[in-house]
$ cat query-v5.txt   # compact mmCIF, C-alpha atoms
# COMPACT_ATOMS: atom_id res chain seq x y z
CA MET A 113 36.20 -7.39 -20.10
CA LEU A 114 32.67 -8.73 -19.73
CA SER A 115 33.88 -11.70 -17.72
CA LEU A 116 35.87 -9.33 -15.50
CA LEU A 117 32.74 -7.27 -14.90
CA LYS A 118 30.79 -10.43 -14.15
CA ARG A 119 33.41 -11.62 -11.72
CA TYR A 120 33.58 -8.32 -9.81
CA ARG A 121 29.89 -7.48 -10.19
CA ARG A 122 29.17 -7.45 -6.47
CA PRO A 123 32.02 -5.22 -5.28
CA LEU A 124 31.39 -2.92 -8.24
CA LEU A 125 27.70 -2.56 -7.38
CA VAL A 126 28.53 -1.91 -3.73
CA GLY A 127 31.13 0.64 -4.82
CA VAL A 128 28.55 2.46 -6.91
CA LEU A 129 26.07 2.43 -4.02
CA LEU A 130 28.74 3.91 -1.76
CA LEU A 131 30.30 6.44 -4.10
CA TYR A 132 27.28 7.75 -6.02
CA PRO A 133 25.70 9.54 -2.99
CA LEU A 134 29.13 10.74 -1.81
CA VAL A 135 29.92 12.31 -5.18
CA ALA A 136 26.40 13.80 -5.33
CA PHE A 137 26.89 15.26 -1.86
CA LEU A 138 30.35 16.67 -2.56
CA LEU A 139 29.20 18.18 -5.85
CA SER A 140 25.98 19.70 -4.55
CA GLY A 141 27.50 20.71 -1.18
CA ARG A 142 25.07 22.88 0.71
CA LYS A 143 22.65 23.33 -2.17
CA VAL A 144 19.25 21.76 -1.68
CA ARG A 145 18.08 20.00 -4.82
CA ASP A 146 14.50 20.21 -5.98
CA PRO A 147 12.43 17.11 -5.23
CA ASN A 148 12.39 14.60 -8.11
CA PRO A 149 9.41 12.29 -8.89
CA ILE A 150 10.76 9.56 -6.58
CA ASP A 151 11.15 12.05 -3.71
CA ARG A 152 7.62 13.31 -4.31
CA ALA A 153 6.20 9.78 -4.37
CA VAL A 154 7.95 8.83 -1.10
CA ILE A 155 6.82 12.05 0.59
CA ALA A 156 3.27 11.49 -0.68
CA VAL A 157 3.30 8.00 0.89
CA THR A 158 4.99 8.80 4.20
CA SER A 159 3.43 12.15 5.08
CA PRO A 160 -0.20 10.95 5.43
CA VAL A 161 1.06 8.18 7.76
CA GLN A 162 2.92 10.85 9.73
CA GLN A 163 -0.25 12.94 9.84
CA VAL A 164 -2.43 10.08 11.09
CA LEU A 165 0.12 9.09 13.74
CA THR A 166 0.51 12.69 14.89
CA ALA A 167 -3.25 13.15 15.09
CA SER A 168 -3.78 9.97 17.10
CA ILE A 169 -0.95 10.66 19.56
CA GLU A 170 -1.96 14.31 19.95
CA GLY A 171 -5.58 13.24 20.40
CA SER A 172 -4.68 10.92 23.27
CA VAL A 173 -2.42 13.49 24.91
CA SER A 174 -5.00 16.27 24.64
CA ALA A 175 -7.75 14.01 26.06
CA VAL A 176 -5.67 13.47 29.19
CA ARG A 177 -4.78 17.16 29.36
CA HIS A 178 -8.43 18.22 28.96
CA TYR A 179 -9.41 16.02 31.86
CA LEU A 180 -6.68 17.49 34.06
CA ASP A 181 -7.46 21.04 32.94
CA LEU A 182 -11.13 20.79 33.92
CA ARG A 183 -10.18 21.50 37.54
CA GLY A 184 -9.01 25.05 36.99
CA VAL A 185 -11.45 25.88 34.22
CA ARG A 186 -13.79 28.15 36.25
CA GLN A 187 -11.00 30.35 37.51
CA GLU A 188 -9.42 30.49 34.07
CA ASN A 189 -12.80 31.37 32.57
CA ASP A 190 -13.12 34.41 34.84
CA THR A 191 -9.61 35.56 33.95
CA LEU A 192 -10.30 35.11 30.26
CA ARG A 193 -13.55 37.08 30.47
CA LEU A 194 -11.63 40.01 31.92
CA GLU A 195 -8.89 39.66 29.34
CA ASN A 196 -11.50 39.48 26.58
CA LEU A 197 -13.01 42.77 27.74
CA GLN A 198 -9.60 44.43 27.69
CA LEU A 199 -8.79 43.00 24.26
CA ARG A 200 -12.13 44.18 22.83
CA ALA A 201 -11.37 47.65 24.04
CA SER A 202 -7.90 47.46 22.46
CA VAL A 203 -9.30 46.18 19.16
CA GLN A 204 -11.77 49.07 19.10
CA ALA A 205 -8.94 51.54 19.68
CA LEU A 206 -6.81 49.86 17.01
CA GLY A 207 -9.72 50.03 14.58
CA GLU A 208 -9.82 53.79 15.07
CA SER A 209 -6.07 54.02 14.47
CA ARG A 210 -6.34 51.85 11.37
CA THR A 211 -9.06 54.01 9.86
CA GLU A 212 -7.01 57.09 10.60
CA ASN A 213 -3.89 55.45 9.13
CA GLU A 214 -5.72 54.50 5.92
CA ARG A 215 -7.10 58.03 5.60
CA LEU A 216 -3.64 59.56 6.05
CA ARG A 217 -2.09 57.10 3.57
CA LYS A 218 -4.69 58.07 1.01
CA LEU A 219 -3.96 61.73 1.64
CA LEU A 220 -0.23 61.12 1.11
CA GLY A 221 -0.87 58.97 -1.95
CA TYR A 222 0.86 55.84 -0.65
CA ALA A 223 0.41 52.67 -2.69
CA GLU A 224 -1.29 49.81 -0.87
CA ALA A 225 1.02 46.88 -0.31
CA ALA A 226 -0.58 43.75 -1.64
CA ALA A 227 -0.93 41.30 1.22
CA GLY A 228 -0.16 37.71 0.29
CA PRO A 229 -2.39 34.80 1.22
CA GLU A 230 -2.39 33.25 4.67
CA ILE A 231 -2.42 29.48 4.32
CA PRO A 232 -3.15 27.51 7.50
CA ALA A 233 -1.34 24.21 8.06
CA ARG A 234 -0.74 21.64 10.76
CA VAL A 235 2.69 20.41 11.82
CA VAL A 236 2.70 16.71 10.99
CA GLY A 237 6.21 15.78 12.05
CA VAL A 238 9.68 16.85 12.95
CA ASN A 239 12.80 16.15 10.92
CA PRO A 240 14.47 13.11 12.52
CA VAL A 241 17.99 14.38 11.76
CA ALA A 242 19.65 16.84 14.14
CA LYS A 243 21.65 18.43 11.28
CA LEU A 244 18.78 20.72 10.35
CA LEU A 245 15.95 21.84 12.62
CA SER A 246 12.90 21.55 10.42
CA VAL A 247 9.29 20.46 10.58
CA ARG A 248 6.89 19.09 7.99
CA ILE A 249 3.55 20.86 7.53
CA SER A 250 0.32 19.74 5.89
CA ALA A 251 0.21 22.31 3.10
CA GLY A 252 2.10 22.21 -0.17
CA GLU A 253 2.03 23.32 -3.78
CA LYS A 254 -1.66 22.37 -4.09
CA GLU A 255 -2.51 24.90 -1.37
CA GLY A 256 -0.26 27.56 -2.89
CA VAL A 257 2.83 27.04 -0.73
CA PHE A 258 6.21 27.44 -2.42
CA ARG A 259 9.83 27.46 -1.35
CA GLY A 260 10.86 30.74 0.23
CA MET A 261 7.50 31.60 1.82
CA SER A 262 7.49 32.54 5.50
CA VAL A 263 5.85 30.49 8.22
CA VAL A 264 4.38 32.24 11.26
CA THR A 265 1.99 31.83 14.16
CA PRO A 266 -0.02 34.65 15.76
CA ASP A 267 2.85 34.94 18.29
CA GLY A 268 5.68 35.43 15.79
CA ILE A 269 7.87 33.91 13.09
CA VAL A 270 8.52 30.19 12.89
CA GLY A 271 10.72 29.72 9.84
CA GLN A 272 10.84 29.46 6.13
CA VAL A 273 9.64 26.91 3.56
CA ILE A 274 12.69 25.11 2.17
CA ARG A 275 10.90 22.49 0.13
CA ALA A 276 7.32 22.16 -1.12
CA THR A 277 5.73 19.11 -2.73
CA GLY A 278 2.10 18.24 -3.56
CA SER A 279 0.40 18.53 -0.17
CA TYR A 280 3.34 18.86 2.21
CA SER A 281 6.21 21.25 2.82
CA ASP A 282 9.36 21.27 4.92
CA VAL A 283 10.02 24.34 7.03
CA ALA A 284 13.49 25.27 8.36
CA LEU A 285 13.05 26.76 11.83
CA VAL A 286 14.47 30.15 12.83
CA THR A 287 16.34 28.37 15.62
CA ASP A 288 18.38 26.31 13.13
CA THR A 289 22.08 27.20 13.02
CA GLN A 290 21.82 28.08 9.33
CA SER A 291 18.97 30.56 9.80
CA ARG A 292 19.55 34.32 9.47
CA VAL A 293 16.74 36.89 9.74
CA ALA A 294 17.04 40.63 9.14
CA VAL A 295 15.52 42.30 12.21
CA ARG A 296 15.02 45.65 13.87
CA VAL A 297 14.26 46.86 17.37
CA GLN A 298 10.60 47.89 17.41
CA ARG A 299 11.17 50.82 19.80
CA SER A 300 14.27 52.43 18.26
CA ARG A 301 14.14 50.95 14.71
CA ALA A 302 17.81 49.86 15.08
CA ARG A 303 18.70 47.12 12.60
CA GLY A 304 20.54 43.83 13.08
CA THR A 305 20.47 40.11 12.33
CA ALA A 306 18.93 37.27 14.33
CA SER A 307 20.91 34.03 13.91
CA GLY A 308 19.78 30.58 14.96
CA ALA A 309 21.94 28.79 17.53
CA GLY A 310 20.54 25.27 17.36
CA SER A 311 18.50 25.43 20.51
CA GLY A 312 17.50 28.05 23.04
CA PRO A 313 17.67 31.75 22.20
CA LEU A 314 18.65 33.31 18.87
CA LYS A 315 21.80 35.44 18.63
CA LEU A 316 21.54 39.16 17.98
CA GLU A 317 24.31 40.07 15.53
CA ASN A 318 25.44 42.88 13.23
CA MET A 319 23.93 45.57 15.44
CA LEU A 320 26.19 48.61 15.67
CA ARG A 321 27.49 49.43 19.15
CA THR A 322 26.03 52.91 18.87
CA GLU A 323 22.48 51.66 18.23
CA ASP A 324 19.80 52.08 20.89
CA VAL A 325 18.83 48.65 22.20
CA ASP A 326 18.07 47.38 25.71
CA ASN A 327 17.20 44.17 27.47
CA GLY A 328 13.51 43.46 27.04
CA ASP A 329 13.20 45.27 23.71
CA LEU A 330 10.86 43.66 21.21
CA ILE A 331 12.58 42.49 18.03
CA ILE A 332 10.61 42.40 14.79
CA THR A 333 11.48 41.47 11.21
CA SER A 334 12.76 44.38 9.15
CA GLY A 335 11.81 42.91 5.78
CA THR A 336 15.15 43.94 4.28
CA ASP A 337 16.19 40.34 3.63
CA GLY A 338 13.36 40.04 1.12
CA ILE A 339 12.22 36.82 2.79
CA TYR A 340 10.19 37.67 5.86
CA PRO A 341 7.56 40.42 5.62
CA PRO A 342 8.36 43.41 7.86
CA GLY A 343 6.81 43.79 11.30
CA LEU A 344 6.55 40.14 12.37
CA VAL A 345 7.52 39.48 15.97
CA VAL A 346 10.81 37.57 16.42
CA GLY A 347 11.34 37.78 20.20
CA ARG A 348 12.74 39.82 23.06
CA VAL A 349 16.33 40.85 23.81
CA THR A 350 18.09 39.35 26.81
CA HIS A 351 21.73 39.22 27.98
CA LEU A 352 22.71 42.26 25.96
CA GLU A 353 26.51 42.64 25.71
CA LYS A 354 28.02 46.04 25.02
CA LYS A 355 31.76 45.49 24.78
CA GLU A 356 34.38 48.19 25.24
CA HIS A 357 35.82 47.57 21.79
CA GLY A 358 34.52 46.49 18.43
CA MET A 359 31.90 47.73 16.02
CA PHE A 360 28.98 45.60 17.12
CA GLN A 361 27.05 44.73 20.23
CA GLY A 362 25.49 41.33 20.76
CA GLY A 363 22.94 39.54 22.85
CA ASP A 364 20.32 36.85 22.93
CA ILE A 365 16.81 36.97 21.54
CA VAL A 366 14.29 34.74 23.28
CA PRO A 367 12.04 33.61 20.41
CA ALA A 368 8.38 34.60 20.71
CA VAL A 369 7.39 31.18 19.41
CA ASP A 370 8.39 27.95 21.13
CA THR A 371 9.32 25.99 18.01
CA SER A 372 9.48 22.71 19.91
CA LYS A 373 5.75 22.83 20.63
CA LEU A 374 4.31 23.86 17.28
CA GLU A 375 0.91 22.60 16.24
CA GLU A 376 -0.76 24.98 13.78
CA VAL A 377 1.02 27.54 11.62
CA LEU A 378 0.26 30.03 8.86
CA VAL A 379 2.25 30.24 5.63
CA VAL A 380 2.44 33.86 4.49
CA GLY A 381 3.97 35.83 1.66
CA SER A 382 3.30 36.03 -2.02
CA PRO A 383 3.90 32.69 -3.77
CA TYR A 384 5.05 34.52 -6.90
CA SER A 385 7.72 36.53 -5.14
CA ALA A 386 8.71 33.38 -3.22
CA MET A 387 9.18 31.49 -6.49
CA ALA A 388 11.17 34.36 -7.95
CA GLN A 389 13.29 34.54 -4.82
CA GLY A 390 13.90 30.79 -4.68
CA SER A 391 17.64 31.12 -4.61
CA ALA A 392 17.58 34.11 -2.27
CA ALA A 393 15.42 32.18 0.12
CA GLU A 394 17.88 29.34 0.08
CA GLY A 395 20.59 31.75 0.98
CA ALA A 396 18.67 33.17 3.89
CA SER A 397 18.15 29.76 5.45
CA LYS A 398 21.91 29.22 5.48
CA MET B 178 15.92 -9.33 5.78
CA LYS B 179 14.28 -8.73 2.50
CA PHE B 180 14.76 -5.36 0.87
CA LEU B 181 11.13 -4.21 0.84
CA VAL B 182 10.53 -5.23 4.44
CA THR B 183 13.61 -3.27 5.49
CA VAL B 184 12.36 -0.21 3.64
CA GLY B 185 8.93 -0.63 5.23
CA ILE B 186 10.39 -0.90 8.73
CA ALA B 187 12.65 2.12 8.11
CA LEU B 188 9.66 4.14 6.93
CA ALA B 189 7.57 3.17 9.93
CA LEU B 190 10.40 3.83 12.40
CA LEU B 191 11.30 7.21 10.90
CA THR B 192 7.67 8.30 10.87
CA LEU B 193 7.21 7.18 14.45
CA GLU B 194 10.41 8.89 15.50
CA SER B 195 9.42 12.13 13.82
CA VAL B 196 6.13 12.12 15.75
CA VAL B 197 7.82 11.20 19.04
CA VAL B 198 10.42 13.94 18.57
CA LYS B 199 7.61 16.42 17.93
CA GLN B 200 5.79 15.37 21.08
CA ALA B 201 8.87 15.15 23.29
CA GLY B 202 10.37 18.38 21.95
CA LEU B 203 13.83 16.82 21.73
CA VAL B 204 15.73 19.54 19.91
CA LEU B 205 19.12 17.90 19.63
CA GLY B 206 18.86 14.50 21.27
CA ARG B 207 17.55 12.33 18.46
CA ILE B 208 17.24 8.58 18.19
CA ASP B 209 19.12 7.22 15.18
CA VAL B 210 16.68 4.44 14.36
CA THR B 211 18.13 4.06 10.89
CA VAL B 212 21.57 3.33 12.36
CA VAL B 213 20.00 0.55 14.45
CA LEU B 214 18.53 -0.90 11.27
CA VAL B 215 21.80 -0.58 9.36
CA ALA B 216 23.70 -2.18 12.26
CA PHE B 217 21.28 -5.11 12.16
CA LEU B 218 21.79 -5.41 8.40
CA ALA B 219 25.57 -5.40 8.92
CA LEU B 220 25.23 -8.41 11.21
CA ARG B 221 22.64 -10.44 9.32
CA ALA B 222 22.28 -9.46 5.65
CA THR B 223 24.36 -10.56 2.67
CA LEU B 224 26.69 -7.98 1.11
CA LEU B 225 24.53 -7.01 -1.85
CA GLU B 226 21.17 -7.22 -0.10
CA GLY B 227 22.52 -5.24 2.86
CA ALA B 228 24.16 -2.57 0.70
CA PHE B 229 20.97 -2.01 -1.29
CA SER B 230 18.86 -1.92 1.87
CA ALA B 231 21.28 0.46 3.60
CA PHE B 232 21.20 2.69 0.51
CA ALA B 233 17.39 2.78 0.62
CA VAL B 234 17.31 3.45 4.37
CA GLY B 235 19.83 6.28 4.00
CA TYR B 236 17.87 7.75 1.10
CA LEU B 237 14.73 7.79 3.23
CA LEU B 238 16.58 9.55 6.04
CA ASP B 239 18.00 12.04 3.56
CA LEU B 240 14.52 12.73 2.26
CA MET B 241 13.06 13.26 5.71
CA SER B 242 15.95 15.49 6.78
CA GLY B 243 14.55 18.43 4.79
CA GLN B 244 17.87 18.87 2.98
CA PRO B 245 18.42 15.85 0.75
CA THR B 246 22.07 16.03 -0.26
CA GLY B 247 23.04 12.37 -0.40
CA LEU B 248 25.09 12.55 2.81
CA PHE B 249 22.94 10.16 4.82
CA THR B 250 22.65 7.74 1.89
CA PHE B 251 26.45 7.55 1.72
CA LEU B 252 26.79 7.27 5.49
CA ALA B 253 24.26 4.43 5.68
CA VAL B 254 26.13 2.34 3.09
CA PHE B 255 29.48 3.24 4.71
CA THR B 256 28.22 2.32 8.19
CA PHE B 257 26.90 -0.96 6.80
CA LEU B 258 30.26 -1.84 5.25
CA VAL B 259 32.28 -0.87 8.34
CA GLY B 260 29.77 -2.68 10.58
CA ARG B 261 30.13 -5.78 8.43
CA LEU B 262 33.89 -5.59 8.79
CA VAL B 263 33.71 -5.08 12.56
CA SER B 264 31.24 -7.95 12.95
CA THR B 265 33.96 -10.38 11.80
CA PHE B 266 35.99 -9.46 14.91
CA VAL B 267 33.25 -9.27 17.54
CA ASP B 268 30.55 -11.69 18.57
CA VAL B 269 27.16 -9.98 18.65
CA ARG B 270 24.34 -12.27 19.72
CA GLY B 271 22.23 -10.89 22.54
CA GLY B 272 20.26 -7.68 22.84
CA LEU B 273 22.84 -5.96 25.04
CA SER B 274 25.77 -6.66 22.74
CA PHE B 275 23.66 -5.50 19.79
CA ALA B 276 22.86 -2.26 21.64
CA LEU B 277 26.59 -1.67 22.20
CA PHE B 278 27.31 -2.48 18.55
CA ALA B 279 24.59 -0.02 17.41
CA MET B 280 25.92 2.64 19.79
CA GLY B 281 29.39 2.27 18.31
CA ALA B 282 27.94 2.58 14.84
CA ASP B 283 26.01 5.66 15.94
CA VAL B 284 29.15 7.34 17.30
CA GLY B 285 30.90 6.84 13.94
CA HIS B 286 27.81 7.87 12.00
CA GLY B 287 27.28 10.99 14.12
CA LEU B 288 30.91 12.11 13.97
CA LEU B 289 31.12 11.59 10.21
CA ALA B 290 27.82 13.42 9.65
CA THR B 291 29.10 16.37 11.71
CA PHE B 292 32.43 16.36 9.88
CA PHE B 293 30.88 16.32 6.41
CA THR B 294 28.35 18.97 7.39
CA TRP B 295 31.18 21.14 8.71
CA LEU B 296 33.11 20.48 5.49
CA THR B 297 30.34 21.97 3.36
CA VAL B 298 28.76 24.56 5.65
CA LYS B 299 31.84 25.70 7.63
CA ASP B 300 30.04 28.61 9.32
CA GLY B 301 27.39 26.29 10.81
CA GLY B 302 27.81 25.58 14.53
CA THR B 303 28.86 21.96 15.01
CA GLY B 304 29.13 22.50 18.78
CA PRO B 305 25.43 21.97 19.61
CA VAL B 306 25.28 18.83 17.44
CA LEU B 307 28.41 17.35 19.06
CA ALA B 308 27.15 18.29 22.52
CA GLY B 309 23.94 16.38 21.80
CA LEU B 310 25.80 13.30 20.54
CA PRO B 311 26.17 11.44 23.89
CA VAL B 312 22.43 11.71 24.56
CA GLN B 313 21.71 10.67 20.98
CA VAL B 314 23.99 7.62 21.27
CA ALA B 315 22.41 6.63 24.60
CA LEU B 316 18.89 6.96 23.15
CA THR B 317 19.94 4.97 20.09
CA GLY B 318 21.34 2.23 22.37
CA ALA B 319 18.03 2.07 24.22
CA ALA B 320 16.15 1.92 20.91
CA ALA B 321 18.47 -0.87 19.72
CA LEU B 322 17.74 -2.85 22.86
CA ALA B 323 14.01 -2.48 22.27
CA LEU B 324 14.13 -3.13 18.53
CA PHE B 325 16.45 -6.16 18.55
CA PRO B 326 13.76 -8.79 19.36
CA LEU B 327 11.40 -7.16 16.86
CA LEU B 328 13.96 -7.19 14.05
CA LYS B 329 14.89 -10.79 14.85
CA ARG B 330 11.24 -11.79 14.68
CA PHE B 331 10.85 -10.10 11.29
CA GLU B 332 13.93 -11.88 10.04
CA ALA B 333 12.75 -15.24 11.31
CA ALA B 334 9.35 -14.76 9.68
CA GLN B 335 11.00 -14.23 6.30
CA ASP B 336 13.42 -17.09 6.58
CA ARG B 337 10.60 -19.57 7.18
CA PRO B 338 10.27 -22.02 4.27
CA ALA B 339 7.18 -21.72 2.11
CA GLY B 340 4.45 -24.36 2.30
CA LEU B 341 1.63 -25.43 4.51
CA LEU B 342 3.67 -27.76 6.72
CA ARG B 343 6.27 -25.84 8.72
$ encode --input "query-v5.txt" --output "structure tokens"
Amino acid sequence: MLSLLKRYRRPLLVGVLLLYPLVAFLLSGRKVRDPNPIDRAVIAVTSPVQQVLTASIEGSVSAVRHYLDLRGVRQENDTLRLENLQLRASVQALGESRTENERLRKLLGYAEAAAGPEIPARVVGVNPVAKLLSVRISAGEKEGVFRGMSVVTPDGIVGQVIRATGSYSDVALVTDTQSRVAVRVQRSRARGTASGAGSGPLKLENMLRTEDVDNGDLIITSGTDGIYPPGLVVGRVTHLEKKEHGMFQGGDIVPAVDTSKLEEVLVVGSPYSAMAQGSAAEGASK
Amino acid sequence: MKFLVTVGIALALLTLESVVVKQAGLVLGRIDVTVVLVAFLALRATLLEGAFSAFAVGYLLDLMSGQPTGLFTFLAVFTFLVGRLVSTFVDVRGGLSFALFAMGADVGHGLLATFFTWLTVKDGGTGPVLAGLPVQVALTGAAALALFPLLKRFEAAQDRPAGLLR
């Protein structure tokens, strides 16, 4: 027996190398396993290199861009001054509304929703495999990021943390084909689902034909999926299709955030609820 | 090529690719640098050394994919073995023939990856991935053309006998 093993040692080893990952893949299927110590070590080694490379390339690109941008800077400055004035006026008005809102909430005895932390991070790289649209960010468990937390920019939602290690996390983008987000129309409060389509706009699904929605409507997260906090901007409706038959109407949602040009993001949501909802979060990204 | 050097090159290439993809905003057209590496291994490495190296390269790709499931580890070893088999029938010497060889490997790798992903996800859209495959294969061919002299140089550096007089 031992001599047989010795004789066929090479083909046996190659067979194990071939079949072990296949069996692991077929058994785990679509489930994402938690990172083991080897995974963590490799990520800890590769991610800083990614970060340095990203920083140096971005630095060179932005230096060239800055030089080119200097031409139109005076005109842009004037426009921005005007915009700043308008925004300051809006902020003042919003401050009034906020104070009034808080006062009314107190009067009605509403409980204050505990806001989770906002953890800033930089995008250090993009997943090199087209199977899943994801990016790696420079914040992980050490910074309080856990699987299931939402990732946003001031413009809108970006995606969801699917794996967190020491100082880095992987974020599945909303544009990925496995992504589903519970949404509502901001104007009419009609509810639906935004599904990723790989590239380009998201698909508006599960919205009843009778619901009030129009092209150009702003779509926000509804919060009913338990993953994304309510009220975050997703995008705007285009190419709305109201068919003669069927229960639902469909359309495209142009994402508010261009996920192919991400630089800085914020990780939001309570880490404790994210940890508790680990499995639910996994489901939402699929 | 020695195992550790292969792993090092794979790491460097994947990191570089990830940064380039981020800058270029290529959503679906990716460059399969690991397939280029595995194709090179299929032509030059011994069975055991190549299988171990392909396993490590695939594992790295799996890890960087955000969803480590073992699929890319399996595909790397499988591509290596098939590539090794094919290399007994074809003569791959120059950069251009290597690029064609790597492109062929990438077509097989891409189709199998899409099939296995469809097998487990079913509801996921395979259309966009398949539509992006021709661009991906072309980019991989271009990468193979560029990487071939580099990989050959690495290989030659390792095959040099030890000692002061060379």
$ closest_residue --input "query-v5.txt" --among "B:Phe278, B:Thr317, B:Phe251, B:Lys199" --to "Ala167 in chain A" --atoms "all atoms listed in the file"
B:Lys199
$ atom_distance --input "query-v5.txt" --atom1 "CA of Val210 in chain B" --atom2 "CA of Ala334 in chain B"
21.1 Å
$ closest_atom_pairs --input "query-v5.txt" --of "chain A" --to "chain B" --cutoff "8 Å" --atoms "all atoms listed in the file" --output "tab-separated table"
residue	atom	partner	partner_atom	distance
A:Arg122	CA	B:Leu225	CA	6.6
A:Leu125	CA	B:Leu225	CA	7.8
A:Val126	CA	B:Ala228	CA	6.3
A:Leu129	CA	B:Phe232	CA	6.7
A:Leu130	CA	B:Phe251	CA	5.5
A:Leu131	CA	B:Phe251	CA	7.1
A:Tyr132	CA	B:Phe251	CA	7.8
A:Pro133	CA	B:Gly247	CA	4.7
A:Leu134	CA	B:Phe251	CA	5.5
A:Ala136	CA	B:Gly247	CA	6.1
A:Phe137	CA	B:Gly247	CA	5.0
A:Leu138	CA	B:Thr297	CA	7.9
A:Ser140	CA	B:Thr246	CA	6.9
A:Gly141	CA	B:Thr297	CA	5.5
A:Arg142	CA	B:Thr297	CA	6.0
A:Lys143	CA	B:Thr246	CA	7.6
A:Val144	CA	B:Gln244	CA	5.7
A:Arg145	CA	B:Pro245	CA	7.0
A:Asp151	CA	B:Leu240	CA	6.9
A:Ile155	CA	B:Leu240	CA	7.9
A:Thr158	CA	B:Leu188	CA	7.1
A:Val161	CA	B:Thr192	CA	7.3
A:Gln162	CA	B:Thr192	CA	5.5
A:Leu165	CA	B:Val196	CA	7.0
A:Thr166	CA	B:Val196	CA	5.7
A:Glu170	CA	B:Gln200	CA	7.9
A:Val236	CA	B:Val196	CA	7.4
A:Gly237	CA	B:Ser195	CA	5.2
A:Val238	CA	B:Ser195	CA	4.8
A:Asn239	CA	B:Ser242	CA	5.2
A:Pro240	CA	B:Ser195	CA	5.3
A:Val241	CA	B:Ser242	CA	5.5
A:Ala242	CA	B:Leu205	CA	5.6
A:Lys243	CA	B:Val306	CA	7.2
A:Leu244	CA	B:Ser242	CA	6.9
A:Leu245	CA	B:Val204	CA	7.6
A:Ser246	CA	B:Gly243	CA	6.6
A:Ile274	CA	B:Gly243	CA	7.4
A:Arg275	CA	B:Gly243	CA	7.2
A:Asp282	CA	B:Gly243	CA	5.9
A:Val283	CA	B:Gly243	CA	7.8
A:Ala284	CA	B:Gly243	CA	7.8
A:Thr289	CA	B:Gly301	CA	5.8
A:Gln290	CA	B:Gly301	CA	6.0
A:Ala309	CA	B:Gly302	CA	7.3
A:Gly310	CA	B:Pro305	CA	6.3
A:Ser311	CA	B:Val204	CA	6.5
A:Ser372	CA	B:Gly202	CA	4.9
A:Lys373	CA	B:Gly202	CA	6.5
$ atom_distance --input "query-v5.txt" --atom1 "CA of Val269 in chain B" --atom2 "CA of Leu316 in chain B"
19.4 Å
$ residues_around --input "query-v5.txt" --residues "range 283-285 of chain B" --least-positions-apart "4" --cutoff "7 Å" --atoms "all atoms listed in the file" --output "CSV table (one decimal) with C-alpha atoms, in the frame of the given file"
chain,number,residue,atom,x,y,z
B,212,VAL,CA,21.6,3.3,12.4
B,279,ALA,CA,24.6,0.0,17.4
B,289,LEU,CA,31.1,11.6,10.2
B,314,VAL,CA,24.0,7.6,21.3
$ closest_residue --input "query-v5.txt" --among "B:Leu288, B:Ala333, B:Leu328, B:Leu322" --to "Thr183 in chain B" --atoms "only C-alpha atoms"
B:Leu328
$ atom_distance --input "query-v5.txt" --atom1 "CA of Gly278 in chain A" --atom2 "CA of Glu255 in chain A"
8.4 Å
$ closest_residue --input "query-v5.txt" --among "A:Ser172, A:Thr277, A:Gln187, A:Ser291" --to "Asp337 in chain A" --atoms "only C-alpha atoms"
A:Ser291
$ closest_residue --input "query-v5.txt" --among "A:Thr211, A:Thr265, A:Thr371, A:Gln204" --to "Pro232 in chain A" --atoms "only C-alpha atoms"
A:Thr265
$ residues_around --input "query-v5.txt" --residues "Ser230 in chain B" --least-positions-apart "5" --cutoff "8 Å" --atoms "all atoms listed in the file" --output "ChimeraX atom specification"
/B:180,183-184,218
$ residues_around --input "query-v5.txt" --residues "range 342-348 of chain A" --least-positions-apart "4" --cutoff "8 Å" --atoms "all atoms listed in the file" --output "JSON, numbers by chain"
{"A": [267, 268, 269, 295, 327, 328, 329, 330, 331, 332, 333, 334, 335, 336, 365, 366, 367, 368, 369]}
$ axis_aligned_box --input "query-v5.txt" --around "range 298-302 of chain A" --padding-each-side "3 Å" --output "JSON"
{"center_x": 14.2, "center_y": 50.2, "center_z": 17.3, "size_x": 13.2, "size_y": 10.5, "size_z": 11.1}
$ closest_residue --input "query-v5.txt" --among "B:Pro326, B:Val234, B:Ala216, B:Arg261" --to "Val182 in chain B" --atoms "all atoms listed in the file"
B:Val234
$ closest_residue --input "query-v5.txt" --among "B:Ala321, B:Val263, B:Ala222, B:Ala308" --to "Met280 in chain B" --atoms "only C-alpha atoms"
B:Ala321
$ build_atoms --input "query-v5.txt" --residues "range 286-291 of chain B" --atoms "N, CA and C atoms" --output "compact mmCIF listing (two decimals), keeping the file's coordinate frame"
# COMPACT_ATOMS: atom_id res chain seq x y z
N HIS B 286 28.77 7.22 12.90
CA HIS B 286 27.81 7.87 12.00
C HIS B 286 27.64 9.35 12.35
N GLY B 287 27.49 9.61 13.65
CA GLY B 287 27.28 10.99 14.12
C GLY B 287 28.49 11.88 13.87
N LEU B 288 29.68 11.33 14.16
CA LEU B 288 30.91 12.11 13.97
C LEU B 288 31.14 12.40 12.49
N LEU B 289 30.92 11.39 11.65
CA LEU B 289 31.12 11.59 10.21
C LEU B 289 30.10 12.59 9.65
N ALA B 290 28.85 12.48 10.11
CA ALA B 290 27.82 13.42 9.65
C ALA B 290 28.20 14.85 10.03
N THR B 291 28.70 15.03 11.26
CA THR B 291 29.10 16.37 11.71
C THR B 291 30.29 16.87 10.90
